[in-house]
file coords-v3.pdb (PDB, C-alpha atoms)
ATOM      1  CA  MET U   1     -18.510  17.969 -21.965  1.00  0.00           C
ATOM      2  CA  SER U   2     -15.765  17.207 -19.485  1.00  0.00           C
ATOM      3  CA  GLN U   3     -14.188  19.974 -17.463  1.00  0.00           C
ATOM      4  CA  GLN U   4     -10.489  20.400 -18.304  1.00  0.00           C
ATOM      5  CA  LEU U   5      -9.605  22.916 -15.604  1.00  0.00           C
ATOM      6  CA  PRO U   6      -9.473  22.079 -11.903  1.00  0.00           C
ATOM      7  CA  PRO U   7     -12.421  23.397  -9.887  1.00  0.00           C
ATOM      8  CA  GLY U   8     -12.041  26.924  -8.613  1.00  0.00           C
ATOM      9  CA  GLN U   9     -10.256  28.370 -11.657  1.00  0.00           C
ATOM     10  CA  ILE U  10     -11.879  30.691 -14.133  1.00  0.00           C
ATOM     11  CA  ALA U  11     -12.429  29.257 -17.586  1.00  0.00           C
ATOM     12  CA  PRO U  12     -10.686  30.998 -20.506  1.00  0.00           C
ATOM     13  CA  HIS U  13     -12.767  33.820 -21.902  1.00  0.00           C
ATOM     14  CA  ILE U  14     -12.754  36.239 -24.839  1.00  0.00           C
ATOM     15  CA  PRO U  15     -11.957  39.874 -24.051  1.00  0.00           C
ATOM     16  CA  ALA U  16     -14.814  42.200 -25.016  1.00  0.00           C
ATOM     17  CA  ASP U  17     -12.927  44.134 -27.707  1.00  0.00           C
ATOM     18  CA  VAL U  18     -11.791  40.916 -29.445  1.00  0.00           C
ATOM     19  CA  TYR U  19     -15.354  39.598 -29.370  1.00  0.00           C
ATOM     20  CA  GLN U  20     -16.808  42.803 -30.813  1.00  0.00           C
ATOM     21  CA  ARG U  21     -14.143  42.931 -33.573  1.00  0.00           C
ATOM     22  CA  ALA U  22     -14.848  39.275 -34.445  1.00  0.00           C
ATOM     23  CA  GLN U  23     -18.595  39.985 -34.586  1.00  0.00           C
ATOM     24  CA  ALA U  24     -18.098  43.031 -36.800  1.00  0.00           C
ATOM     25  CA  THR U  25     -15.663  41.464 -39.278  1.00  0.00           C
ATOM     26  CA  GLY U  26     -16.796  37.840 -39.127  1.00  0.00           C
ATOM     27  CA  GLN U  27     -13.248  36.821 -38.265  1.00  0.00           C
ATOM     28  CA  PRO U  28     -12.921  33.592 -36.262  1.00  0.00           C
ATOM     29  CA  VAL U  29     -11.490  33.637 -32.757  1.00  0.00           C
ATOM     30  CA  VAL U  30      -8.912  30.947 -32.021  1.00  0.00           C
ATOM     31  CA  PHE U  31      -8.133  29.759 -28.503  1.00  0.00           C
ATOM     32  CA  VAL U  32      -4.663  28.378 -27.866  1.00  0.00           C
ATOM     33  CA  ILE U  33      -4.405  26.503 -24.596  1.00  0.00           C
ATOM     34  CA  ASN U  34      -0.992  25.206 -23.665  1.00  0.00           C
ATOM     35  CA  ASP U  35      -1.893  22.022 -21.855  1.00  0.00           C
ATOM     36  CA  THR U  36       0.568  19.306 -20.951  1.00  0.00           C
ATOM     37  CA  PRO U  37      -0.639  15.858 -19.985  1.00  0.00           C
ATOM     38  CA  PRO U  38      -0.305  15.107 -16.282  1.00  0.00           C
ATOM     39  CA  PRO U  39       2.638  12.924 -15.246  1.00  0.00           C
ATOM     40  CA  PHE U  40       2.045   9.267 -14.508  1.00  0.00           C
ATOM     41  CA  PRO U  41       0.598   8.984 -10.990  1.00  0.00           C
ATOM     42  CA  TRP U  42       3.203   6.680  -9.396  1.00  0.00           C
ATOM     43  CA  ALA U  43       1.444   6.844  -6.032  1.00  0.00           C
ATOM     44  CA  ARG U  44      -1.538   5.028  -7.547  1.00  0.00           C
ATOM     45  CA  LEU U  45       0.761   2.134  -8.387  1.00  0.00           C
ATOM     46  CA  LEU U  46       3.237   2.196  -5.501  1.00  0.00           C
ATOM     47  CA  ILE U  47       0.850   2.437  -2.533  1.00  0.00           C
ATOM     48  CA  PRO U  48      -0.852  -0.964  -3.133  1.00  0.00           C
ATOM     49  CA  PHE U  49       2.548  -2.631  -3.616  1.00  0.00           C
ATOM     50  CA  ALA U  50       3.857  -1.030  -0.430  1.00  0.00           C
ATOM     51  CA  ILE U  51       0.823  -2.260   1.516  1.00  0.00           C
ATOM     52  CA  ALA U  52       1.151  -5.775   0.071  1.00  0.00           C
ATOM     53  CA  GLY U  53       4.886  -5.829   0.829  1.00  0.00           C
ATOM     54  CA  ALA U  54       4.313  -4.698   4.401  1.00  0.00           C
ATOM     55  CA  ALA U  55       1.637  -7.358   4.870  1.00  0.00           C
ATOM     56  CA  ALA U  56       3.938 -10.056   3.472  1.00  0.00           C
ATOM     57  CA  LEU U  57       6.847  -9.000   5.700  1.00  0.00           C
ATOM     58  CA  GLY U  58       4.541  -8.850   8.715  1.00  0.00           C
ATOM     59  CA  THR U  59       3.212 -12.329   7.997  1.00  0.00           C
ATOM     60  CA  TRP U  60       6.756 -13.729   7.688  1.00  0.00           C
ATOM     61  CA  GLY U  61       7.644 -12.002  10.958  1.00  0.00           C
ATOM     62  CA  VAL U  62       4.707 -13.600  12.743  1.00  0.00           C
ATOM     63  CA  VAL U  63       5.599 -17.041  11.329  1.00  0.00           C
ATOM     64  CA  ALA U  64       9.228 -16.644  12.426  1.00  0.00           C
ATOM     65  CA  ALA U  65       8.145 -15.528  15.908  1.00  0.00           C
ATOM     66  CA  LEU U  66       5.808 -18.527  16.263  1.00  0.00           C
ATOM     67  CA  CYS U  67       8.563 -20.920  15.137  1.00  0.00           C
ATOM     68  CA  TRP U  68      10.934 -19.438  17.711  1.00  0.00           C
ATOM     69  CA  LEU U  69       8.256 -19.639  20.409  1.00  0.00           C
ATOM     70  CA  MET U  70       7.541 -23.302  19.635  1.00  0.00           C
ATOM     71  CA  ASP U  71      11.282 -24.061  19.698  1.00  0.00           C
ATOM     72  CA  VAL U  72      11.680 -22.407  23.112  1.00  0.00           C
ATOM     73  CA  ALA U  73       8.582 -24.232  24.409  1.00  0.00           C
ATOM     74  CA  ALA U  74       9.917 -27.591  23.216  1.00  0.00           C
ATOM     75  CA  HIS U  75      13.289 -27.002  24.858  1.00  0.00           C
ATOM     76  CA  THR U  76      11.613 -25.865  28.065  1.00  0.00           C
ATOM     77  CA  ALA U  77       9.378 -28.938  28.149  1.00  0.00           C
ATOM     78  CA  THR U  78      12.413 -31.178  27.563  1.00  0.00           C
ATOM     79  CA  ILE U  79      14.369 -29.565  30.385  1.00  0.00           C
ATOM     80  CA  ILE U  80      11.432 -29.683  32.804  1.00  0.00           C
ATOM     81  CA  GLY U  81      10.657 -33.280  31.823  1.00  0.00           C
ATOM     82  CA  GLY U  82      14.248 -34.343  32.353  1.00  0.00           C
ATOM     83  CA  ALA U  83      14.473 -32.643  35.732  1.00  0.00           C
ATOM     84  CA  ALA U  84      11.066 -33.712  37.101  1.00  0.00           C
ATOM     85  CA  GLY U  85      11.237 -37.438  36.500  1.00  0.00           C
ATOM     86  CA  PRO U  86       8.030 -39.465  36.446  1.00  0.00           C
ATOM     87  CA  ILE U  87       4.751 -37.632  37.071  1.00  0.00           C
ATOM     88  CA  GLY U  88       1.753 -39.473  38.508  1.00  0.00           C
ATOM     89  CA  ALA U  89      -1.879 -38.552  38.942  1.00  0.00           C
ATOM     90  CA  GLY U  90      -4.694 -40.900  40.036  1.00  0.00           C
ATOM     91  CA  GLY U  91      -2.614 -44.039  39.751  1.00  0.00           C
ATOM     92  CA  ILE U  92      -1.346 -43.314  36.242  1.00  0.00           C
ATOM     93  CA  THR U  93       2.343 -42.610  36.054  1.00  0.00           C
ATOM     94  CA  LEU U  94       3.821 -40.794  33.070  1.00  0.00           C
ATOM     95  CA  LYS U  95       7.523 -40.714  32.564  1.00  0.00           C
ATOM     96  CA  LEU U  96       8.353 -37.565  30.592  1.00  0.00           C
ATOM     97  CA  ALA U  97      11.942 -38.456  29.703  1.00  0.00           C
ATOM     98  CA  ARG U  98      14.027 -41.590  29.555  1.00  0.00           C
ATOM     99  CA  GLY U  99      16.823 -42.071  31.994  1.00  0.00           C
ATOM    100  CA  LYS U 100      20.467 -42.110  30.915  1.00  0.00           C
ATOM    101  CA  ASN U 101      20.858 -45.838  31.696  1.00  0.00           C
ATOM    102  CA  THR U 102      18.204 -47.168  29.305  1.00  0.00           C
TER
END
call {"tool": "encode", "arguments": {"input": "coords-v3.pdb", "output": "structure tokens"}}
result
Amino acid sequence: MSQQLPPGQIAPHIPADVYQRAQATGQPVVFVINDTPPPFPWARLLIPFAIAGAAALGTWGVVAALCWLMDVAAHTATIIGGAAGPIGAGGITLKLARGKNT
């Protein structure tokens, strides 16, 4: 049998005089419990969607930040390459950017 009342509350009971009268006369005792169904627990539904939405927005934020960082790095490398001219190491020369006359 499932418990209908929350823990810590006293279960409904029959007062002694009503019980004794019912025993003496054979009259049935009827319990009337006004119970309304609990409202729909929206938190059970909304919390997972909120977590998933936050994760999706965070992921898009990280992707946007990485795109911006790669764009800044590419521009920086282009500016440094244009200003530095050819770079050589161990007899191998690497020209990072073309000159304006070619």
call {"tool": "atom_distance", "arguments": {"input": "coords-v3.pdb", "atom1": "CA of Cys67 (chain U)", "atom2": "CA of Ala50 (chain U)"}}
result
25.7 Å
call {"tool": "residues_around", "arguments": {"input": "coords-v3.pdb", "residues": "His13 (chain U)", "least_positions_apart": "6", "cutoff": "12 Å", "atoms": "all atoms listed in the file", "output": "ChimeraX atom specification"}}
result
/U:19,29-33
call {"tool": "atom_distance", "arguments": {"input": "coords-v3.pdb", "atom1": "CA of Leu69 (chain U)", "atom2": "CA of Gly81 (chain U)"}}
result
17.9 Å
call {"tool": "build_atoms", "arguments": {"input": "coords-v3.pdb", "residues": "region 13-33 of chain U", "atoms": "N, CA, C and O atoms", "output": "compact mmCIF listing (two decimals), keeping the file's coordinate frame"}}
result
# COMPACT_ATOMS: atom_id res chain seq x y z
N HIS U 13 -11.69 33.01 -21.34
CA HIS U 13 -12.77 33.82 -21.90
C HIS U 13 -12.21 34.74 -22.99
O HIS U 13 -11.01 34.94 -23.10
N ILE U 14 -13.12 35.32 -23.76
CA ILE U 14 -12.75 36.24 -24.84
C ILE U 14 -12.87 37.66 -24.29
O ILE U 14 -13.92 38.03 -23.76
N PRO U 15 -11.82 38.46 -24.44
CA PRO U 15 -11.96 39.87 -24.05
C PRO U 15 -13.03 40.56 -24.91
O PRO U 15 -13.26 40.18 -26.06
N ALA U 16 -13.67 41.55 -24.35
CA ALA U 16 -14.81 42.20 -25.02
C ALA U 16 -14.43 42.82 -26.35
O ALA U 16 -15.18 42.70 -27.34
N ASP U 17 -13.28 43.49 -26.44
CA ASP U 17 -12.93 44.13 -27.71
C ASP U 17 -12.64 43.10 -28.81
O ASP U 17 -12.98 43.31 -29.98
N VAL U 18 -12.05 41.96 -28.46
CA VAL U 18 -11.79 40.92 -29.44
C VAL U 18 -13.11 40.32 -29.92
O VAL U 18 -13.32 40.07 -31.11
N TYR U 19 -14.05 40.15 -29.01
CA TYR U 19 -15.35 39.60 -29.37
C TYR U 19 -16.11 40.54 -30.31
O TYR U 19 -16.68 40.12 -31.31
N GLN U 20 -16.09 41.83 -29.98
CA GLN U 20 -16.81 42.80 -30.81
C GLN U 20 -16.16 42.91 -32.21
O GLN U 20 -16.86 43.03 -33.22
N ARG U 21 -14.82 42.88 -32.28
CA ARG U 21 -14.14 42.93 -33.57
C ARG U 21 -14.48 41.68 -34.40
O ARG U 21 -14.71 41.75 -35.61
N ALA U 22 -14.52 40.51 -33.74
CA ALA U 22 -14.85 39.28 -34.44
C ALA U 22 -16.28 39.30 -34.94
O ALA U 22 -16.58 38.83 -36.04
N GLN U 23 -17.19 39.87 -34.16
CA GLN U 23 -18.60 39.98 -34.59
C GLN U 23 -18.73 40.93 -35.77
O GLN U 23 -19.50 40.68 -36.69
N ALA U 24 -17.97 42.02 -35.73
CA ALA U 24 -18.10 43.03 -36.80
C ALA U 24 -17.49 42.54 -38.11
O ALA U 24 -18.04 42.79 -39.19
N THR U 25 -16.36 41.87 -38.05
CA THR U 25 -15.66 41.46 -39.28
C THR U 25 -15.97 40.03 -39.69
O THR U 25 -15.63 39.63 -40.81
N GLY U 26 -16.53 39.23 -38.81
CA GLY U 26 -16.80 37.84 -39.13
C GLY U 26 -15.55 36.97 -39.01
O GLY U 26 -15.52 35.83 -39.49
N GLN U 27 -14.51 37.54 -38.42
CA GLN U 27 -13.25 36.82 -38.26
C GLN U 27 -13.36 35.80 -37.13
O GLN U 27 -13.93 36.09 -36.08
N PRO U 28 -12.83 34.60 -37.33
CA PRO U 28 -12.92 33.59 -36.26
C PRO U 28 -11.96 33.92 -35.11
O PRO U 28 -10.92 34.55 -35.31
N VAL U 29 -12.33 33.47 -33.94
CA VAL U 29 -11.49 33.64 -32.76
C VAL U 29 -10.91 32.27 -32.43
O VAL U 29 -11.64 31.28 -32.33
N VAL U 30 -9.59 32.21 -32.27
CA VAL U 30 -8.91 30.95 -32.02
C VAL U 30 -8.36 30.96 -30.60
O VAL U 30 -7.67 31.90 -30.21
N PHE U 31 -8.68 29.92 -29.85
CA PHE U 31 -8.13 29.76 -28.50
C PHE U 31 -6.93 28.82 -28.58
O PHE U 31 -7.02 27.75 -29.17
N VAL U 32 -5.85 29.23 -27.96
CA VAL U 32 -4.66 28.38 -27.87
C VAL U 32 -4.44 28.12 -26.38
O VAL U 32 -4.17 29.04 -25.61
N ILE U 33 -4.59 26.88 -26.00
CA ILE U 33 -4.40 26.50 -24.60
C ILE U 33 -3.20 25.58 -24.52
O ILE U 33 -3.20 24.50 -25.12
